[in-house]
Each structure stands twice: as C-alpha cells, then as structure tokens.
$ cat structure.cif   # mmCIF, C-alpha atoms
data_model
loop_
_atom_site.label_atom_id
_atom_site.label_comp_id
_atom_site.auth_asym_id
_atom_site.auth_seq_id
_atom_site.Cartn_x
_atom_site.Cartn_y
_atom_site.Cartn_z
CA MET A 74 -66.27 10.79 39.45
CA THR A 75 -69.41 12.58 38.17
CA LEU A 76 -70.29 13.87 41.65
CA ALA A 77 -66.77 15.24 42.04
CA HIS A 78 -67.07 17.05 38.72
CA VAL A 79 -70.45 18.50 39.72
CA ASP A 80 -69.10 19.76 43.05
CA GLU A 81 -66.09 21.28 41.32
CA ALA A 82 -68.25 23.06 38.78
CA VAL A 83 -70.61 24.47 41.43
CA GLU A 84 -67.72 25.67 43.57
CA SER A 85 -66.36 27.47 40.52
CA GLY A 86 -69.60 29.42 40.21
CA ALA A 87 -71.58 27.35 37.71
CA CYS A 88 -75.33 26.88 38.15
CA LEU A 89 -76.34 23.46 39.43
CA ASN A 90 -79.28 23.38 37.03
CA ARG A 91 -77.00 24.09 34.08
CA VAL A 92 -74.52 21.43 35.17
CA CYS A 93 -77.29 18.82 35.41
CA GLU A 94 -78.59 19.86 32.00
CA GLU A 95 -75.15 19.48 30.41
CA LEU A 96 -74.72 16.04 31.97
CA GLY A 97 -78.17 14.99 30.83
CA ILE A 98 -79.40 14.08 34.33
CA ALA A 99 -82.15 15.36 36.59
CA ALA A 100 -81.48 17.09 39.89
CA THR A 101 -83.38 14.32 41.69
CA THR A 102 -81.02 11.76 40.16
CA LEU A 103 -78.09 13.69 41.57
CA GLN A 104 -79.70 13.72 45.00
CA ARG A 105 -80.22 9.95 44.84
CA TRP A 106 -76.57 9.45 43.96
CA ARG A 107 -75.52 11.48 46.96
CA ARG A 108 -77.61 9.29 49.28
CA GLY A 109 -75.83 6.22 48.02
CA ARG A 110 -76.29 3.84 45.15
CA ASP A 111 -77.11 0.78 47.27
CA GLU A 112 -80.45 2.06 48.52
CA GLY A 113 -82.36 1.08 45.39
CA ASP A 114 -85.94 2.14 44.78
CA LEU A 115 -87.25 3.40 48.12
CA ARG A 116 -90.88 3.57 47.01
CA SER A 117 -93.26 1.19 48.74
CA GLY A 118 -96.44 0.30 46.94
CA PRO A 119 -99.56 -1.46 48.24
CA LYS A 120 -98.90 -4.95 49.58
CA THR A 121 -102.50 -6.18 49.26
CA GLU A 122 -104.96 -6.17 46.40
CA PRO A 123 -107.69 -3.49 46.40
CA ARG A 124 -110.95 -4.61 47.99
CA ASN A 125 -112.94 -3.37 45.01
CA LYS A 126 -110.92 -5.29 42.43
CA LEU A 127 -113.03 -7.11 39.88
CA THR A 128 -113.11 -10.88 40.01
CA GLU A 129 -112.42 -12.90 36.90
CA GLN A 130 -116.11 -13.81 36.75
CA GLU A 131 -117.14 -10.14 36.87
CA ARG A 132 -114.65 -9.24 34.14
CA GLN A 133 -116.03 -12.03 31.96
CA VAL A 134 -119.57 -10.73 32.41
CA ILE A 135 -118.48 -7.31 31.16
CA ILE A 136 -116.80 -8.88 28.14
CA ASP A 137 -119.78 -11.09 27.35
CA VAL A 138 -122.24 -8.18 27.54
CA ALA A 139 -120.08 -5.87 25.42
CA CYS A 140 -119.57 -8.59 22.78
CA SER A 141 -123.18 -9.77 22.72
CA PRO A 142 -125.14 -9.31 19.47
CA GLU A 143 -127.31 -6.69 21.18
CA PHE A 144 -124.46 -4.44 22.34
CA ARG A 145 -121.47 -5.24 20.15
CA ASP A 146 -122.06 -2.20 17.92
CA LEU A 147 -122.48 0.20 20.86
CA SER A 148 -119.96 2.02 23.01
CA PRO A 149 -119.89 1.66 26.81
CA LYS A 150 -121.41 5.14 27.01
CA GLN A 151 -124.54 3.70 25.40
CA ILE A 152 -124.40 0.25 26.95
CA VAL A 153 -124.46 1.41 30.58
CA PRO A 154 -127.60 3.63 30.29
CA ARG A 155 -129.48 0.90 28.41
CA LEU A 156 -128.67 -1.60 31.14
CA ALA A 157 -129.83 0.91 33.74
CA ASP A 158 -133.16 1.24 31.91
CA ARG A 159 -133.61 -2.49 32.52
CA GLY A 160 -132.75 -2.14 36.17
CA GLU A 161 -129.32 -3.73 35.69
CA TYR A 162 -125.94 -2.46 36.82
CA ILE A 163 -122.83 -4.39 35.87
CA ALA A 164 -120.07 -1.77 35.97
CA SER A 165 -119.39 1.88 35.27
CA GLU A 166 -118.48 3.22 31.86
CA SER A 167 -114.83 3.67 32.85
CA THR A 168 -114.69 0.06 34.06
CA PHE A 169 -116.16 -1.14 30.77
CA TYR A 170 -113.53 0.84 28.88
CA ARG A 171 -110.71 -0.39 31.11
CA VAL A 172 -111.64 -4.07 30.78
CA LEU A 173 -112.18 -3.85 27.03
CA ARG A 174 -108.88 -2.04 26.63
CA ASP A 175 -107.06 -4.74 28.60
CA GLU A 176 -108.61 -7.38 26.37
CA LYS A 177 -107.77 -5.38 23.22
CA LEU A 178 -111.45 -5.17 22.31
CA LEU A 179 -111.58 -1.40 21.86
CA LYS A 180 -111.77 -0.78 18.12
CA HIS A 181 -112.94 2.11 15.99
CA ARG A 182 -116.50 1.58 14.84
CA GLY A 183 -118.74 3.27 12.35
CA ARG A 184 -118.13 4.87 8.99
CA ALA A 185 -116.38 7.94 10.32
CA LYS A 186 -112.63 8.07 9.82
CA ALA A 187 -110.64 7.08 12.90
CA ALA A 188 -108.80 9.88 14.67
CA ASN A 189 -105.16 10.16 13.69
CA LYS A 190 -102.52 10.62 16.34
CA ARG A 191 -100.57 13.80 15.71
CA HIS A 192 -96.94 13.33 16.66
CA ARG A 193 -94.94 16.17 18.10
CA PRO A 194 -92.67 17.93 15.60
CA GLU A 195 -89.09 16.77 15.62
CA GLN A 196 -87.01 18.91 17.95
CA LYS A 197 -84.76 21.56 16.42
CA VAL A 198 -81.59 22.63 18.22
CA ALA A 199 -79.85 25.93 17.49
CA THR A 200 -76.33 26.72 18.69
CA ALA A 201 -75.78 29.90 16.69
CA PRO A 202 -77.75 32.51 14.72
CA CYS A 203 -79.44 31.61 11.43
CA GLN A 204 -79.84 27.91 12.15
CA VAL A 205 -83.52 27.83 13.18
CA TRP A 206 -86.07 30.51 12.36
CA SER A 207 -89.68 30.66 13.48
CA TRP A 208 -92.36 32.72 11.79
CA ASP A 209 -96.08 33.38 11.83
CA ILE A 210 -98.74 35.87 10.82
CA THR A 211 -100.99 37.86 13.13
CA TYR A 212 -103.92 40.22 12.61
CA LEU A 213 -103.79 43.99 13.01
CA GLN A 214 -107.08 45.86 13.07
CA SER A 215 -107.83 48.04 10.08
CA PRO A 216 -110.35 50.93 9.79
CA VAL A 217 -112.79 48.63 7.98
CA ARG A 218 -114.72 46.39 10.33
CA GLY A 219 -114.11 42.72 9.58
CA SER A 220 -111.02 43.51 7.54
CA PHE A 221 -107.44 43.29 8.82
CA PHE A 222 -103.83 44.02 8.05
CA TYR A 223 -101.53 41.02 8.31
CA LEU A 224 -98.19 41.21 10.09
CA TYR A 225 -95.57 38.71 8.90
CA LEU A 226 -92.81 38.26 11.51
CA VAL A 227 -89.70 36.07 11.22
CA LEU A 228 -87.71 35.37 14.40
CA ASP A 229 -84.30 33.80 14.91
CA VAL A 230 -84.88 31.20 17.63
CA TRP A 231 -81.32 31.27 19.00
CA SER A 232 -80.85 35.04 19.28
CA ARG A 233 -84.56 36.01 19.47
CA LYS A 234 -83.87 38.72 16.93
CA ILE A 235 -86.63 39.71 14.54
CA VAL A 236 -84.75 39.15 11.29
CA GLY A 237 -87.57 40.37 9.08
CA TRP A 238 -91.15 41.57 8.92
CA GLU A 239 -93.75 42.93 6.53
CA VAL A 240 -97.34 44.17 6.77
CA HIS A 241 -99.76 43.30 3.95
CA GLU A 242 -103.45 43.59 3.28
CA SER A 243 -103.79 39.86 2.57
CA GLU A 244 -102.43 36.46 3.54
CA LEU A 245 -100.68 35.05 0.49
CA SER A 246 -98.03 32.43 -0.03
CA SER A 247 -96.33 34.75 -2.51
CA HIS A 248 -95.82 37.39 0.21
CA SER A 249 -94.22 34.77 2.44
CA ALA A 250 -91.93 33.55 -0.34
CA GLN A 251 -90.77 37.06 -1.23
CA LEU A 252 -90.05 37.90 2.41
CA LEU A 253 -88.06 34.70 2.93
CA SER A 254 -86.02 35.26 -0.23
CA LYS A 255 -85.06 38.77 0.90
CA LEU A 256 -84.12 37.59 4.39
CA CYS A 257 -81.98 34.71 3.16
CA ALA A 258 -80.08 37.12 0.93
CA ALA A 259 -79.66 39.69 3.70
CA GLU A 260 -78.44 37.10 6.22
CA HIS A 261 -76.28 35.23 3.65
CA ILE A 262 -78.01 31.92 4.24
CA ASP A 263 -76.36 28.94 2.53
CA HIS A 264 -78.10 25.81 1.29
CA ASP A 265 -78.93 23.31 4.05
CA GLN A 266 -78.05 25.85 6.74
CA LEU A 267 -81.48 26.95 7.93
CA THR A 268 -84.65 25.32 9.26
CA LEU A 269 -87.83 27.41 9.05
CA HIS A 270 -90.64 26.49 11.48
CA SER A 271 -94.24 27.63 11.16
CA ASP A 272 -97.81 26.48 11.65
CA ASN A 273 -100.01 24.88 8.99
CA GLY A 274 -101.60 27.98 7.48
CA GLY A 275 -102.06 28.49 3.76
CA PRO A 276 -99.26 31.07 3.39
CA MET A 277 -96.89 28.63 5.14
CA LYS A 278 -97.72 25.54 3.07
CA GLY A 279 -98.70 27.11 -0.24
CA ALA A 280 -97.07 25.87 -3.42
CA THR A 281 -95.17 29.13 -3.98
CA MET A 282 -93.72 29.08 -0.47
CA LEU A 283 -92.73 25.41 -0.60
CA ALA A 284 -91.07 25.87 -4.00
CA THR A 285 -89.11 28.84 -2.63
CA LEU A 286 -87.98 26.84 0.38
CA GLN A 287 -86.72 24.08 -1.89
CA GLU A 288 -84.95 26.53 -4.17
CA LEU A 289 -83.21 28.25 -1.24
CA GLY A 290 -82.26 24.98 0.42
CA VAL A 291 -84.24 25.79 3.57
CA ALA A 292 -85.70 22.87 5.53
CA ALA A 293 -89.39 23.24 6.37
CA SER A 294 -90.80 22.36 9.79
CA PHE A 295 -94.48 22.56 10.72
CA SER A 296 -96.55 22.50 13.91
CA ARG A 297 -99.33 20.06 14.51
CA PRO A 298 -102.73 21.34 13.30
CA ARG A 299 -104.33 23.68 15.85
CA VAL A 300 -101.48 23.26 18.38
CA SER A 301 -100.08 26.73 19.09
CA ASN A 302 -97.58 25.37 21.62
CA ASP A 303 -95.57 23.87 18.77
CA ASN A 304 -94.58 27.38 17.70
CA PRO A 305 -93.98 29.02 21.08
CA TYR A 306 -91.38 31.61 20.15
CA SER A 307 -93.56 33.33 17.55
CA GLU A 308 -96.62 33.15 19.79
CA SER A 309 -94.68 34.72 22.65
CA LEU A 310 -93.37 37.43 20.35
CA PHE A 311 -96.90 38.35 19.24
CA ARG A 312 -97.97 38.60 22.87
CA THR A 313 -95.05 40.94 23.60
CA CYS A 314 -96.02 42.99 20.54
CA LYS A 315 -99.70 43.40 21.37
CA TYR A 316 -99.17 44.02 25.09
CA ARG A 317 -96.78 46.92 24.56
CA PRO A 318 -98.07 50.03 26.39
CA ASN A 319 -98.14 52.00 23.13
CA PHE A 320 -99.98 49.36 21.11
CA PRO A 321 -102.99 51.21 19.64
CA SER A 322 -106.29 50.61 21.38
CA LYS A 323 -108.07 51.60 18.18
CA PRO A 324 -107.65 50.24 14.64
CA PHE A 325 -104.72 51.49 12.58
CA ALA A 326 -105.79 54.36 10.34
CA SER A 327 -103.98 52.92 7.32
CA ILE A 328 -101.51 50.24 6.34
CA ASP A 329 -98.74 52.87 6.38
CA ALA A 330 -99.61 53.66 10.00
CA ALA A 331 -99.44 49.97 10.84
CA ARG A 332 -96.04 49.62 9.16
CA GLU A 333 -94.74 52.69 10.99
CA TRP A 334 -95.77 51.28 14.37
CA VAL A 335 -94.34 47.82 13.64
CA ALA A 336 -91.03 49.36 12.51
CA ALA A 337 -90.71 51.18 15.83
CA PHE A 338 -91.61 48.03 17.75
CA VAL A 339 -89.04 45.92 15.92
CA ASP A 340 -86.33 48.52 16.55
CA TRP A 341 -87.18 48.56 20.28
CA TYR A 342 -87.40 44.77 20.52
CA ASN A 343 -84.10 44.13 18.77
CA THR A 344 -81.96 46.92 20.21
CA GLU A 345 -83.44 47.92 23.59
CA HIS A 346 -85.46 44.99 24.98
CA GLN A 347 -83.32 42.88 27.33
CA HIS A 348 -84.81 39.43 26.82
CA SER A 349 -85.24 37.19 29.88
CA GLY A 350 -84.70 34.03 27.81
CA ILE A 351 -81.17 35.03 26.76
CA GLN A 352 -79.75 36.30 30.06
CA PHE A 353 -81.20 39.82 29.71
CA VAL A 354 -79.22 40.98 26.71
CA THR A 355 -80.84 42.42 23.61
CA PRO A 356 -81.52 40.17 20.61
CA SER A 357 -79.24 42.28 18.41
CA GLU A 358 -76.37 41.95 20.87
CA ARG A 359 -76.77 38.19 20.97
CA HIS A 360 -77.18 37.93 17.20
CA ALA A 361 -73.94 39.86 16.69
CA GLY A 362 -72.03 37.99 19.42
CA SER A 363 -71.35 41.03 21.62
CA HIS A 364 -73.42 39.48 24.43
CA LEU A 365 -70.38 37.45 25.53
CA ASN A 366 -68.47 40.57 26.62
CA ILE A 367 -71.57 42.00 28.30
CA LEU A 368 -72.15 38.85 30.36
CA ALA A 369 -68.44 38.61 31.22
CA ASN A 370 -68.49 42.20 32.49
CA ARG A 371 -71.53 41.45 34.66
CA GLN A 372 -69.70 38.42 36.06
CA THR A 373 -66.73 40.62 36.96
CA VAL A 374 -68.95 43.19 38.67
CA TYR A 375 -70.54 40.52 40.86
CA GLU A 376 -67.22 38.87 41.71
CA LEU A 377 -65.79 42.20 42.83
CA ALA A 378 -68.90 42.90 44.90
CA ARG A 379 -68.61 39.52 46.63
CA ALA A 380 -64.89 40.02 47.27
CA LYS A 381 -65.61 43.42 48.81
CA ARG A 382 -68.39 42.19 51.14
CA PRO A 383 -68.18 38.36 51.33
CA GLU A 384 -70.41 38.20 54.41
CA ARG A 385 -73.38 39.22 52.27
CA TRP A 386 -73.02 36.22 49.96
CA SER A 387 -74.15 32.91 51.43
CA ARG A 388 -73.95 31.15 48.06
CA SER A 389 -72.33 31.60 44.68
CA ILE A 390 -73.00 34.72 42.66
CA ARG A 391 -75.72 34.97 40.05
CA CYS A 392 -75.14 32.79 36.99
CA PHE A 393 -74.15 34.83 33.94
CA ASP A 394 -73.23 31.92 31.67
CA PRO A 395 -74.43 32.53 28.11
CA ILE A 396 -77.26 30.35 26.83
CA GLU A 397 -75.41 28.22 24.30
CA THR A 398 -78.22 26.06 22.89
CA VAL A 399 -81.89 26.75 22.29
CA THR A 400 -84.28 23.90 21.49
CA LEU A 401 -87.54 24.26 19.62
CA ASN A 402 -90.08 21.58 20.60
CA PRO A 403 -87.71 19.58 22.84
CA LYS A 404 -88.33 15.89 23.29
CA LEU A 405 -90.58 14.96 26.18
CA GLU A 406 -87.79 13.46 28.28
CA ASN A 407 -85.72 16.63 27.87
CA THR A 408 -88.70 18.73 28.96
CA GLN A 409 -89.14 16.62 32.08
CA LEU A 410 -85.46 16.92 32.95
CA LYS A 411 -85.57 20.70 32.67
CA SER A 412 -88.73 20.96 34.76
CA VAL A 413 -87.13 18.86 37.52
CA ALA A 414 -83.88 20.74 37.39
#

$ encode --input "structure.cif" --output "structure tokens"
Amino acid sequence: MTLAHVDEAVESGACLNRVCEELGIAATTLQRWRRGRDEGDLRSGPKTEPRNKLTEQERQVIIDVACSPEFRDLSPKQIVPRLADRGEYIASESTFYRVLRDEKLLKHRGRAKAANKRHRPEQKVATAPCQVWSWDITYLQSPVRGSFFYLYLVLDVWSRKIVGWEVHESELSSHSAQLLSKLCAAEHIDHDQLTLHSDNGGPMKGATMLATLQELGVAASFSRPRVSNDNPYSESLFRTCKYRPNFPSKPFASIDAAREWVAAFVDWYNTEHQHSGIQFVTPSERHAGSHLNILANRQTVYELARAKRPERWSRSIRCFDPIETVTLNPKLENTQLKSVA
C-alpha cells in the first residue's frame, strides 16, 4: 500500500525525496521494498576469521602487562614505548586500547577532571513564524585597532527573516534583554510560544537575559560549548552578511556608519534576497505567508510550459512545494535519512 501511495504522489508531481521524508523512510529503504521483501539482508561478510586475530593467550598477556604494578598507572601510549626500550613488543597502542576497552579496563586516571560528554541540543521544529528564533553576535571592525562594534542579529528559523538587530559598542546581557523585549512586543509573542536558540556567550546566558526570558515566557535553548554547528542558521546569516559585495573592506568610520550599513543589509536580505532554503522566495514573503501564492504561480507556469512542449520534459516538473517544517539541530537519525534521500 505504501509503494502505491508513493507512486501516486510522484506521478502527481511531488518530489520523491519529499515523499520519503514525509513517510519517515530513506530512499534506499524504498528501493529495497521494490526489489521484494523476501530477499533479506544481501550483505555478505567474511566467512573466516582474520589471520592476524589475537589468540586468547596474547590477549591475556596484554591484560597482565597493563594491570601489572609497574604499568597499571600508565596509559598504553606510555606502556608501548617503555616496552620498546627493553626490546619487547607485545602489541600496538591501538591494540592495547581495544583489548582494554573490551575488558572494561579503560578508566579515567589522575587528578584531572574526566572529560564530560556534551550531548547535542534537543531538536526544535518550526512549522510557522515566531516559533523558533536563532540569534548571535558578531564583530564589526571599528576605527580603533583592537576595538569592535557588536552586531546583534535575531533570525526566525522558519521564515529566515531577520526579525530584529542592533549594533552596540559592547557585549552586554542587558542589550540582549532589551532587544528581545522589543521584538516580542513587535511580533506579539505570547507566553510559551517561542524558543530562542543561541550559543553559550555571556550576553546569552547572563542573569539579566535569563530573567527576561523567564518573564516573557520564552524557552531558552543553547548550543554545546565551542560547537558552532549547533547554531547553523545564525552562522550562515553572518557569512551572507560579511560576504556581500558591498561589505566594507575597511573598518566602519563610526557606529552610526555601521548601523546604516546593517540597516541596508537587513532590508535587502528580508525583501529582495530569494533564499535557497525556502524555495527561493524572500524571507519577508514567507514570514507574511504570501510565498504560497508565489510558489503556486510558479507551478502553474511550469505546468503550462510542459503542456505546450511535452517532448522536452522527460520527468516531472520542478518541485515548488512550500517547505512546511524547518528543524534546528535535527536528531541524528533524521539527518541520516535526509542525506540518503
């Protein structure tokens, strides 16, 4: 039944990738279903053991050496060279690590604090404007060497619209809080409506900012420390900003000059820039909802062109379906499905 629905959707002009994404399956899974469900796993692994596999006696020697009073406080990186100084070779460092890991003998040693595993931020899904915002701060060169202006930019993840910005001479949590308060009022944000994602900087996690978030009923979301990929939409926006052809090659003469340039950039980005991530409509059009008519008109143009000269179309027309959901920091399995599809 699923295959029939997929075929019907594709024949109607839907994108195969989008259909697979909506069904929550990978394109390779669909191909396997078409070959038949009775084939099973067609992979064939090795049928014999590797010739260089360690014997049980050799594994025990590695364990005994690593656990001996002489070496029990040393890592394999130190054990192997010391054995070599004696003219002994038992196994490589990686083999030591592998055997000790299998035996659950790898433990943190020393007085230093053990490294903490940083979990990926919980994914945030937006299906309409003003559900998930992303923001960050970037440097703008000032006339004084070593001193900067600071550009605060807040982006709506679903529409890609820059909903607010400010340029200041310092990074302060109070500036962030004031900007957020103004934006929530301008966009009529209700309690428990919005999630605000940012990195772990001081202006993002300062007491004033956190108190403002709580007062406004805005949920806070943070990236892992020093992981820029957890805030990709803001990072991409800054790249677009600083790679504009008219971005000054020299420092801004004053903070007013910086604000004037940023104002022009934001106007261009929101009202003229056709964004590739939202089917090449402008962020303002998508934020206001007018992108639906634009995409429908494009669909009509292509359908008429195919009807006029069908011999030039070997497949379905270009997909103009609107992007309905946008996910910030998708779960790993979702990322793999999208990459396959």

$ atom_distance --input "structure.cif" --atom1 "CA of Val172 in chain A" --atom2 "CA of Ile136 in chain A"
7.5 Å

$ closest_atom_pairs --input "structure.cif" --of "range 132-246 of chain A" --to "range 324-335 of chain A" --cutoff "10 Å" --atoms "all atoms listed in the file" --output "tab-separated table"
residue	atom	partner	partner_atom	distance
A:Leu213	CA	A:Pro324	CA	7.5
A:Gln214	CA	A:Pro324	CA	4.7
A:Ser215	CA	A:Pro324	CA	5.1
A:Pro216	CA	A:Pro324	CA	5.6
A:Val217	CA	A:Pro324	CA	8.6
A:Arg218	CA	A:Pro324	CA	9.1
A:Phe221	CA	A:Pro324	CA	9.1
A:Phe222	CA	A:Ile328	CA	6.9
A:Tyr223	CA	A:Ile328	CA	9.4
A:Leu224	CA	A:Val335	CA	8.4
A:Leu226	CA	A:Val335	CA	9.9
A:Trp238	CA	A:Val335	CA	8.5
A:Glu239	CA	A:Arg332	CA	7.5
A:Val240	CA	A:Arg332	CA	6.1
A:His241	CA	A:Ile328	CA	7.5
A:Glu242	CA	A:Ile328	CA	7.6

$ resolve_selection --input "structure.cif" --expression "the PyMOL selection byres ((chain A and resi 295-311) around 10)" --output "ChimeraX atom specification"
/A:191-196,206-212,224,226-230,233,235,269-274,277-278,293-294,312-316,342,401-403

$ resolve_selection --input "structure.cif" --expression "the PyMOL selection byres ((chain A and resi 395) around 12)" --output "NGL selection string"
:A and (87-88 or 91 or 200-201 or 231-232 or 349-354 or 359 or 362-369 or 371-372 or 392-394 or 396-399)

$ residues_around --input "structure.cif" --residues "Thr268 in chain A" --least-positions-apart "3" --cutoff "6 Å" --atoms "only C-alpha atoms" --output "VMD selection string"
chain A and resid 205 291 to 293

$ atom_distance --input "structure.cif" --atom1 "CA of Gly290 in chain A" --atom2 "CA of Lys255 in chain A"
14.1 Å

$ atom_distance --input "structure.cif" --atom1 "CA of Gly279 in chain A" --atom2 "CA of Ser246 in chain A"
5.4 Å

$ residues_around --input "structure.cif" --residues "Leu253 in chain A" --least-positions-apart "2" --cutoff "10 Å" --atoms "all atoms listed in the file" --output "list in words"
Val227, Gly237, Trp238, Ser247, His248, Ser249, Ala250, Gln251, Lys255, Leu256, Cys257, Ala258, Ala259, Leu269, Met282, Thr285, Leu286, Leu289 and Val291 of chain A

$ residues_around --input "structure.cif" --residues "Val153 in chain A" --least-positions-apart "2" --cutoff "9 Å" --atoms "all atoms listed in the file" --output "PDB file with C-alpha atoms, in the coordinates of the input"
ATOM      1  CA  SER A 148    -119.960   2.020  23.010  1.00  0.00           C
ATOM      2  CA  PRO A 149    -119.890   1.660  26.810  1.00  0.00           C
ATOM      3  CA  LYS A 150    -121.410   5.140  27.010  1.00  0.00           C
ATOM      4  CA  GLN A 151    -124.540   3.700  25.400  1.00  0.00           C
ATOM      5  CA  ARG A 155    -129.480   0.900  28.410  1.00  0.00           C
ATOM      6  CA  LEU A 156    -128.670  -1.600  31.140  1.00  0.00           C
ATOM      7  CA  ALA A 157    -129.830   0.910  33.740  1.00  0.00           C
ATOM      8  CA  ASP A 158    -133.160   1.240  31.910  1.00  0.00           C
ATOM      9  CA  GLU A 161    -129.320  -3.730  35.690  1.00  0.00           C
ATOM     10  CA  TYR A 162    -125.940  -2.460  36.820  1.00  0.00           C
ATOM     11  CA  ILE A 163    -122.830  -4.390  35.870  1.00  0.00           C
ATOM     12  CA  ALA A 164    -120.070  -1.770  35.970  1.00  0.00           C
ATOM     13  CA  SER A 165    -119.390   1.880  35.270  1.00  0.00           C
ATOM     14  CA  GLU A 166    -118.480   3.220  31.860  1.00  0.00           C
ATOM     15  CA  PHE A 169    -116.160  -1.140  30.770  1.00  0.00           C
TER      16      PHE A 169
END

$ closest_residue --input "structure.cif" --among "A:Lys234, A:Asn343, A:Thr281, A:Leu96" --to "Leu252 in chain A" --atoms "all atoms listed in the file"
A:Thr281

$ closest_residue --input "structure.cif" --among "A:Ala380, A:Tyr225, A:His264, A:Tyr375" --to "Leu245 in chain A" --atoms "all atoms listed in the file"
A:Tyr225

$ residues_around --input "structure.cif" --residues "Val83 in chain A" --least-positions-apart "4" --cutoff "12 Å" --atoms "all atoms listed in the file" --output "list in words"
Leu76, Ala77, His78, Val79, Ala87, Cys88, Leu89, Asn90, Arg91, Val92, Cys93, Arg388, Ser389, Ile390, Arg391 and Cys392 of chain A

$ write_last_selection --input "structure.cif" --atoms "C-alpha atoms" --output "PDB file, keeping the file's coordinate frame"
ATOM      1  CA  LEU A  76     -70.290  13.870  41.650  1.00  0.00           C
ATOM      2  CA  ALA A  77     -66.770  15.240  42.040  1.00  0.00           C
ATOM      3  CA  HIS A  78     -67.070  17.050  38.720  1.00  0.00           C
ATOM      4  CA  VAL A  79     -70.450  18.500  39.720  1.00  0.00           C
ATOM      5  CA  ALA A  87     -71.580  27.350  37.710  1.00  0.00           C
ATOM      6  CA  CYS A  88     -75.330  26.880  38.150  1.00  0.00           C
ATOM      7  CA  LEU A  89     -76.340  23.460  39.430  1.00  0.00           C
ATOM      8  CA  ASN A  90     -79.280  23.380  37.030  1.00  0.00           C
ATOM      9  CA  ARG A  91     -77.000  24.090  34.080  1.00  0.00           C
ATOM     10  CA  VAL A  92     -74.520  21.430  35.170  1.00  0.00           C
ATOM     11  CA  CYS A  93     -77.290  18.820  35.410  1.00  0.00           C
ATOM     12  CA  ARG A 388     -73.950  31.150  48.060  1.00  0.00           C
ATOM     13  CA  SER A 389     -72.330  31.600  44.680  1.00  0.00           C
ATOM     14  CA  ILE A 390     -73.000  34.720  42.660  1.00  0.00           C
ATOM     15  CA  ARG A 391     -75.720  34.970  40.050  1.00  0.00           C
ATOM     16  CA  CYS A 392     -75.140  32.790  36.990  1.00  0.00           C
TER      17      CYS A 392
END
